[in-house]
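J.: The structure file work33.csv (CSV, C-alpha atoms) is provided below.
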```csv
chain,number,residue,atom,x,y,z
G,23,MET,CA,177.2,192.6,65.1
G,24,LYS,CA,180.3,191.8,67.1
G,25,LYS,CA,181.9,190.8,63.8
G,26,PRO,CA,183.1,187.2,63.2
G,27,LEU,CA,186.8,187.4,62.8
G,28,VAL,CA,188.6,186.2,59.6
G,29,GLY,CA,192.3,186.1,59.0
G,30,ALA,CA,195.4,186.2,61.2
G,31,VAL,CA,195.8,190.0,60.9
G,32,LEU,CA,192.7,190.6,63.0
G,33,SER,CA,193.7,188.0,65.5
G,34,VAL,CA,197.1,189.7,66.1
G,35,LEU,CA,195.4,193.1,66.3
G,36,PHE,CA,193.0,192.1,69.1
G,37,LEU,CA,195.4,189.8,70.9
G,38,GLY,CA,197.6,192.8,71.3
G,39,ALA,CA,195.0,194.3,73.6
G,40,GLY,CA,195.8,191.6,76.1
G,41,ILE,CA,194.0,188.6,77.5
G,42,ALA,CA,192.4,188.9,80.9
G,43,PRO,CA,191.9,185.8,83.1
G,44,ALA,CA,188.4,185.1,84.5
G,45,ALA,CA,188.3,186.7,87.9
G,46,ALA,CA,186.0,188.1,90.5
G,47,SER,CA,185.0,191.7,89.8
G,48,THR,CA,182.4,194.3,90.8
G,49,ALA,CA,179.2,195.7,89.4
G,50,THR,CA,176.6,198.0,90.7
G,51,ASP,CA,173.0,197.3,91.5
G,52,GLN,CA,170.0,199.5,90.8
G,53,GLY,CA,170.6,201.5,93.9
G,54,GLY,CA,174.2,202.2,92.9
G,55,ALA,CA,175.6,199.9,95.6
G,56,GLU,CA,178.7,197.9,94.6
G,57,VAL,CA,178.1,194.2,94.3
G,58,ARG,CA,180.9,191.6,94.6
G,59,ALA,CA,180.6,189.3,91.6
G,60,LYS,CA,181.5,185.6,91.9
G,61,ALA,CA,184.4,184.4,89.8
G,62,VAL,CA,183.1,183.1,86.4
G,63,THR,CA,185.4,180.6,84.8
G,64,PHE,CA,185.7,179.5,81.2
G,65,ALA,CA,184.6,175.9,81.9
G,66,GLY,CA,182.1,174.9,79.3
G,67,THR,CA,182.8,177.7,76.9
G,68,VAL,CA,184.1,177.0,73.4
G,69,ALA,CA,186.1,178.7,70.7
G,70,LEU,CA,184.7,178.7,67.2
G,71,SER,CA,186.8,179.5,64.1
G,72,ASN,CA,185.4,183.1,64.2
G,73,CYS,CA,183.3,183.5,67.3
G,74,SER,CA,182.7,182.4,70.9
G,75,GLY,CA,180.1,179.9,72.3
G,76,SER,CA,179.3,177.6,75.1
G,77,VAL,CA,178.0,174.0,75.7
G,78,VAL,CA,174.6,174.5,77.2
G,79,ARG,CA,171.7,172.4,78.6
G,80,ALA,CA,168.1,173.1,79.4
G,81,PRO,CA,166.9,172.1,82.9
G,82,SER,CA,165.2,169.1,81.3
G,83,SER,CA,168.2,167.9,79.4
G,84,GLN,CA,169.5,164.4,80.3
G,85,PRO,CA,173.1,163.2,80.6
G,86,GLY,CA,172.5,160.9,77.6
G,87,ASP,CA,171.2,163.6,75.3
G,88,PRO,CA,173.4,164.9,72.5
G,89,ALA,CA,174.9,168.2,73.8
G,90,LEU,CA,174.1,171.6,72.4
G,91,VAL,CA,176.5,174.5,71.7
G,92,LEU,CA,175.0,178.0,71.9
G,93,SER,CA,176.4,180.9,69.7
G,94,ASN,CA,175.0,183.6,67.4
G,95,GLY,CA,173.0,183.3,64.2
G,96,HIS,CA,175.6,185.6,62.6
G,97,CYS,CA,178.4,183.1,63.5
G,98,LEU,CA,177.0,180.3,61.3
G,99,GLU,CA,179.5,178.9,58.9
G,100,THR,CA,176.7,179.3,56.2
G,101,GLY,CA,176.8,183.1,56.6
G,102,PHE,CA,174.4,185.6,58.0
G,103,PRO,CA,170.7,184.4,57.8
G,104,ALA,CA,168.6,186.8,55.8
G,105,PRO,CA,165.8,188.7,57.7
G,106,GLY,CA,163.0,186.2,58.1
G,107,GLN,CA,165.3,183.2,57.5
G,108,VAL,CA,165.4,180.3,60.0
G,109,VAL,CA,168.0,177.5,59.7
G,110,LEU,CA,166.6,174.2,61.1
G,111,ASN,CA,168.2,170.8,61.4
G,112,ARG,CA,170.9,171.4,58.7
G,113,SER,CA,173.8,169.0,58.6
G,114,SER,CA,177.1,170.4,59.9
G,115,THR,CA,180.5,169.0,60.9
G,116,ARG,CA,181.8,172.2,62.5
G,117,SER,CA,184.4,171.8,65.2
G,118,PHE,CA,184.6,173.6,68.6
G,119,THR,CA,187.6,173.9,71.0
G,120,LEU,CA,186.3,173.1,74.5
G,121,LEU,CA,187.9,175.1,77.3
G,122,ASN,CA,188.5,174.3,81.0
G,123,ALA,CA,188.1,176.7,83.9
G,124,ALA,CA,191.5,178.3,83.3
G,125,GLY,CA,190.7,178.9,79.6
G,126,SER,CA,193.0,176.1,78.2
G,127,GLY,CA,191.7,174.0,75.3
G,128,VAL,CA,191.2,170.5,76.4
G,129,GLY,CA,189.6,168.9,73.4
G,130,THR,CA,187.7,169.2,70.2
G,131,LEU,CA,183.9,168.8,69.9
G,132,ARG,CA,182.1,168.3,66.6
G,133,ALA,CA,178.7,169.2,65.4
G,134,SER,CA,176.3,166.8,63.7
G,135,LYS,CA,173.9,169.6,62.7
G,136,ILE,CA,172.8,173.1,63.0
G,137,ALA,CA,169.8,172.5,65.2
G,138,TYR,CA,168.6,176.1,64.9
G,139,GLY,CA,169.8,179.4,63.7
G,140,THR,CA,168.3,182.8,63.0
G,141,MET,CA,168.9,186.5,63.1
G,142,THR,CA,165.2,187.4,63.2
G,143,ASP,CA,163.8,188.6,66.5
G,144,THR,CA,167.0,187.3,68.1
G,145,ASP,CA,170.5,186.4,67.1
G,146,VAL,CA,171.1,182.8,68.1
G,147,SER,CA,172.4,179.5,66.9
G,148,LEU,CA,172.3,176.0,68.5
G,149,TYR,CA,174.5,173.2,67.2
G,150,GLN,CA,173.8,169.6,68.1
G,151,LEU,CA,177.0,167.7,68.9
G,152,THR,CA,178.1,164.2,68.2
G,153,ARG,CA,178.8,163.6,71.9
G,154,THR,CA,176.4,163.5,74.9
G,155,TYR,CA,176.8,165.6,78.0
G,156,ALA,CA,177.8,162.4,79.9
G,157,GLN,CA,180.5,161.6,77.3
G,158,ILE,CA,181.9,165.2,77.5
G,159,GLU,CA,182.0,165.1,81.3
G,160,SER,CA,183.6,161.7,81.3
G,161,SER,CA,186.3,162.7,78.8
G,162,TYR,CA,187.1,166.2,80.1
G,163,GLY,CA,185.5,166.6,83.5
G,164,ILE,CA,183.5,169.6,82.2
G,165,LYS,CA,179.7,170.1,82.7
G,166,ALA,CA,177.5,172.1,80.4
G,167,LEU,CA,176.3,175.6,81.5
G,168,GLU,CA,172.6,175.7,82.3
G,169,LEU,CA,170.1,178.0,80.5
G,170,ASP,CA,168.1,180.1,82.9
G,171,THR,CA,164.4,179.8,82.5
G,172,ALA,CA,163.8,183.3,83.9
G,173,ARG,CA,164.2,186.7,82.2
G,174,PRO,CA,167.1,188.7,83.6
G,175,THR,CA,166.4,191.8,85.6
G,176,GLN,CA,167.8,195.3,85.4
G,177,GLY,CA,170.8,195.7,87.7
G,178,LYS,CA,171.7,192.0,87.5
G,179,ALA,CA,175.5,191.5,87.8
G,180,ILE,CA,176.7,189.5,84.7
G,181,THR,CA,179.8,188.3,83.1
G,182,VAL,CA,180.4,187.8,79.3
G,183,ALA,CA,182.8,184.9,78.9
G,184,SER,CA,184.6,184.7,75.5
G,185,GLY,CA,186.0,181.4,74.6
G,186,TYR,CA,187.6,182.9,71.4
G,187,TRP,CA,189.7,185.5,73.3
G,188,LYS,CA,189.7,183.7,76.7
G,189,ARG,CA,188.6,187.0,78.2
G,190,THR,CA,185.8,187.9,80.5
G,191,TYR,CA,183.9,191.2,80.7
G,192,SER,CA,182.0,192.0,83.9
G,193,CYS,CA,179.2,194.6,84.3
G,194,ALA,CA,175.5,194.7,84.9
G,195,VAL,CA,172.2,194.7,83.0
G,196,ASP,CA,171.6,198.4,82.3
G,197,GLY,CA,168.2,197.8,80.8
G,198,PHE,CA,166.4,196.5,77.8
G,199,ALA,CA,165.8,197.7,74.2
G,200,TYR,CA,162.2,197.1,73.1
G,201,ARG,CA,163.6,196.8,69.6
G,202,LEU,CA,167.2,196.8,68.5
G,203,LYS,CA,167.7,197.5,64.8
G,204,GLU,CA,171.0,196.9,63.0
G,205,GLY,CA,171.1,197.2,59.2
G,206,ALA,CA,168.5,194.8,57.8
G,207,TRP,CA,167.9,193.0,61.1
G,208,THR,CA,165.7,193.7,64.1
G,209,TRP,CA,165.9,192.0,67.5
G,210,LYS,CA,163.3,192.1,70.3
G,211,ASP,CA,163.8,192.8,74.0
G,212,SER,CA,167.6,192.9,73.8
G,213,VAL,CA,169.8,193.2,76.9
G,214,ARG,CA,171.8,196.4,77.2
G,215,TYR,CA,175.0,196.3,79.2
G,216,THR,CA,176.4,199.0,81.4
G,217,SER,CA,179.5,200.6,79.9
G,218,ALA,CA,181.9,198.3,81.7
G,219,CYS,CA,181.4,195.5,79.2
G,220,GLN,CA,183.4,196.7,76.3
G,221,THR,CA,183.2,193.6,74.2
G,222,ILE,CA,185.1,193.3,70.9
G,223,GLY,CA,185.0,191.4,67.6
G,224,GLY,CA,185.3,187.6,68.3
G,225,THR,CA,183.2,187.8,71.5
G,226,SER,CA,180.1,187.2,69.4
G,227,GLY,CA,178.2,184.2,70.8
G,228,SER,CA,179.7,184.4,74.2
G,229,PRO,CA,177.4,183.3,77.0
G,230,VAL,CA,176.2,186.0,79.3
G,231,ILE,CA,176.3,184.5,82.8
G,232,ASP,CA,174.4,185.6,85.9
G,233,ASN,CA,177.1,185.9,88.5
G,234,ALA,CA,174.8,184.9,91.3
G,235,THR,CA,173.6,181.6,89.8
G,236,GLY,CA,176.2,180.7,87.2
G,237,LYS,CA,173.4,180.2,84.6
G,238,VAL,CA,173.3,181.6,81.1
G,239,VAL,CA,170.8,184.5,80.7
G,240,ALA,CA,171.8,185.8,77.3
G,241,VAL,CA,174.1,185.5,74.3
G,242,ASN,CA,176.4,188.4,73.5
G,243,ASN,CA,175.9,189.7,69.9
G,244,THR,CA,176.5,193.4,69.1
G,245,GLY,CA,177.4,197.0,70.0
G,246,ASN,CA,177.3,200.5,68.6
G,247,GLU,CA,180.9,201.2,67.4
G,248,ASP,CA,180.8,204.5,65.7
G,249,GLY,CA,177.7,206.3,66.9
G,250,GLN,CA,175.8,205.8,63.6
G,251,GLN,CA,172.1,205.2,63.6
G,252,CYS,CA,170.8,201.7,62.8
G,253,THR,CA,173.6,200.7,60.4
G,254,ASP,CA,175.7,197.6,60.4
G,255,ASN,CA,177.8,197.5,63.5
G,256,ASN,CA,175.9,200.5,64.9
G,257,PRO,CA,172.6,199.2,66.3
G,258,CYS,CA,170.0,201.7,67.5
G,259,GLU,CA,167.3,201.2,70.1
G,260,VAL,CA,163.7,201.8,68.9
G,261,SER,CA,161.1,202.3,71.7
G,262,GLU,CA,157.5,201.1,71.6
G,263,ASN,CA,156.4,204.5,70.5
G,264,GLY,CA,159.0,204.6,67.7
G,265,THR,CA,161.6,206.9,69.4
G,266,VAL,CA,165.1,206.0,68.2
G,267,THR,CA,168.1,206.2,70.6
G,268,VAL,CA,171.8,205.7,69.7
G,269,ARG,CA,174.2,204.8,72.4
G,270,LYS,CA,177.8,204.9,71.0
G,271,GLY,CA,180.1,202.4,72.7
G,272,ILE,CA,177.3,200.4,74.4
G,273,ASN,CA,177.0,196.7,73.8
G,274,TYR,CA,174.1,194.3,73.7
G,275,ALA,CA,173.0,190.6,74.1
G,276,GLN,CA,170.0,188.5,73.2
G,277,GLN,CA,168.1,186.9,76.0
G,278,THR,CA,168.0,183.0,76.1
G,279,TYR,CA,165.2,182.2,78.5
G,280,ASN,CA,162.9,182.0,75.5
G,281,VAL,CA,165.1,179.3,74.0
G,282,VAL,CA,164.3,176.8,76.8
G,283,PRO,CA,160.7,176.1,75.9
G,284,CYS,CA,161.8,175.1,72.4
G,285,ILE,CA,164.1,172.3,73.6
G,286,GLY,CA,162.2,169.1,73.7
G,287,THR,CA,162.8,165.4,74.5
G,288,GLY,CA,166.3,164.3,73.5
G,289,ASN,CA,167.4,167.9,73.2
G,290,GLN,CA,165.6,168.2,69.9
G,291,ILE,CA,164.4,171.6,68.8
G,292,ASP,CA,160.6,171.6,68.6
G,293,LEU,CA,159.2,175.0,67.5
G,294,ASN,CA,155.7,173.7,68.2
G,295,ARG,CA,156.2,173.1,71.9
G,296,ALA,CA,154.0,175.0,74.3
G,297,GLY,CA,155.7,178.3,75.2
G,298,CYS,CA,158.1,178.2,72.2
G,299,ALA,CA,158.0,181.6,70.5
G,300,LEU,CA,161.2,181.4,68.4
G,301,PRO,CA,160.7,182.3,64.7
G,302,LYS,CA,159.7,179.4,62.5
G,303,PRO,CA,160.9,178.7,58.9
```
Before anything else, please render the file you have as structure tokens.
T.:
Amino acid sequence: MKKPLVGAVLSVLFLGAGIAPAAASTATDQGGAEVRAKAVTFAGTVALSNCSGSVVRAPSSQPGDPALVLSNGHCLETGFPAPGQVVLNRSSTRSFTLLNAAGSGVGTLRASKIAYGTMTDTDVSLYQLTRTYAQIESSYGIKALELDTARPTQGKAITVASGYWKRTYSCAVDGFAYRLKEGAWTWKDSVRYTSACQTIGGTSGSPVIDNATGKVVAVNNTGNEDGQQCTDNNPCEVSENGTVTVRKGINYAQQTYNVVPCIGTGNQIDLNRAGCALPKP
């Protein structure tokens, strides 16, 4: 996992690497042609105490619905969920710093509950907030990022926007891992980045944004740091026929189109809705 950060020492270490503003960049498509990416801002992203995240909405979400924050399952304040464990509708008062387009903190949002969280099949958490989308927009002029309903495609130009570091990483979807195994956890159909997205600790939970649409297509979660095989912080790819591939220095994300069918009326997580395939408790 792109480890949650603890303590000021790590903060100083990574901050020393420099903070890059959100800006237009380039990626390459499947044919190798350079594609000019649109500028992706930090508006709607959030900083957690140890990770990154974003205020998100489903296409069916209404202005009066309680807003949702998307991050990783391994960023939960309750610790890493065990393999097979699902956290559902658990009370939480966690706070999030909301960022504007320039990456400045404009206010504090607070959770009412962990609506959903798991590290099984995917690595995702959804917090329900005490404020609605309309209240957030009225107070701060910031709209939620929309979750795409479509699976991203190979070659798609993307940007990882970290609210924790106020840094963006622009690259493309290099491909997909049938299974991504890291330590005790296994994730399905993970997004593999091209090498330009050199995400670091603290970028966990960052939204992965489609540069063409501005919609969220995945949530950043891990990378192979040392070239080890299938160990913590060194995920390996496992193909459908069982072949194991290690890609040192390559980073990954978990797709989010499969989250959308699980968001029901009033932004409530309903794991029994048609099309919802997220793991159940």
J.: For a quick check of understanding, using only C-alpha atoms, which of G:Thr130, G:Asn255, G:Tyr186, G:Ala124 has the smallest distance to Lys203 (chain G)?
T.: G:Asn255
J.: Could you check the closest approach to Val239 (chain G) for each of G:Val128, G:Ala218, G:Met141, G:Ala194 and tell me which residue wins, using all atoms listed in the file?
T.: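 Between G:Val128, G:Ala218, G:Met141, G:Ala194, the residue approaching Val239 (chain G) most closely is G:Ala194.
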J.: Could you check which of G:Lys165, G:Arg295, G:Arg214, G:Arg153 is closest to Lys178 (chain G), using all atoms listed in the file?
T.: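 For Lys178 (chain G), the nearest of the given residues is G:Arg214.
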J.: With region 68-82 of chain G as the partner and 8 Å as the cut-off, tabulate the residues of region 156-240 of chain G that qualify, each row holding the nearest pair of atoms and their distance in Å to one decimal, using all atoms listed in the file, sorted by chain and rising number, as JSON lines.
T.:
```
{"residue": "G:Ala166", "atom": "CA", "partner": "G:Val78", "partner_atom": "CA", "distance": 4.9}
{"residue": "G:Leu167", "atom": "CA", "partner": "G:Val78", "partner_atom": "CA", "distance": 4.8}
{"residue": "G:Glu168", "atom": "CA", "partner": "G:Arg79", "partner_atom": "CA", "distance": 5.0}
{"residue": "G:Leu169", "atom": "CA", "partner": "G:Ala80", "partner_atom": "CA", "distance": 5.4}
{"residue": "G:Asp170", "atom": "CA", "partner": "G:Ala80", "partner_atom": "CA", "distance": 7.8}
{"residue": "G:Ser184", "atom": "CA", "partner": "G:Ser74", "partner_atom": "CA", "distance": 5.5}
{"residue": "G:Gly185", "atom": "CA", "partner": "G:Ala69", "partner_atom": "CA", "distance": 4.7}
{"residue": "G:Tyr186", "atom": "CA", "partner": "G:Ala69", "partner_atom": "CA", "distance": 4.5}
{"residue": "G:Gly224", "atom": "CA", "partner": "G:Cys73", "partner_atom": "CA", "distance": 4.7}
{"residue": "G:Thr225", "atom": "CA", "partner": "G:Ser74", "partner_atom": "CA", "distance": 5.5}
{"residue": "G:Ser226", "atom": "CA", "partner": "G:Cys73", "partner_atom": "CA", "distance": 5.3}
{"residue": "G:Gly227", "atom": "CA", "partner": "G:Ser74", "partner_atom": "CA", "distance": 4.8}
{"residue": "G:Ser228", "atom": "CA", "partner": "G:Ser74", "partner_atom": "CA", "distance": 4.9}
{"residue": "G:Pro229", "atom": "CA", "partner": "G:Ser76", "partner_atom": "CA", "distance": 6.3}
```
J.: Need to verify the contact set: Gly129 (chain G), 10 Å, all atoms listed in the file, exclusion of same-chain residues closer than 3 positions in sequence. Can you return it as JSON, numbers by chain?
T.: {"G": [68, 118, 119, 120, 121, 122, 126, 158, 161, 162]}
J.: So, counting only C-alpha atoms, which residue among G:Thr67, G:Tyr138, G:Leu131, G:Arg116 is closest to Ile291 (chain G)?
T.: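 Result for the nearest residue to Ile291 (chain G): G:Tyr138.
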J.: Of the candidates G:Asn233, G:Asp143, G:Leu202, G:Ile285, which shows the shortest atom-to-atom distance to Thr265 (chain G), using all atoms listed in the file?
T.: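 Closest candidate: G:Leu202.
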J.: Would you please work out which residue, of G:Ile272, G:Val109, G:Ala156, G:Ala206, is nearest to Gly245 (chain G) when using all atoms listed in the file?
T.: G:Ile272
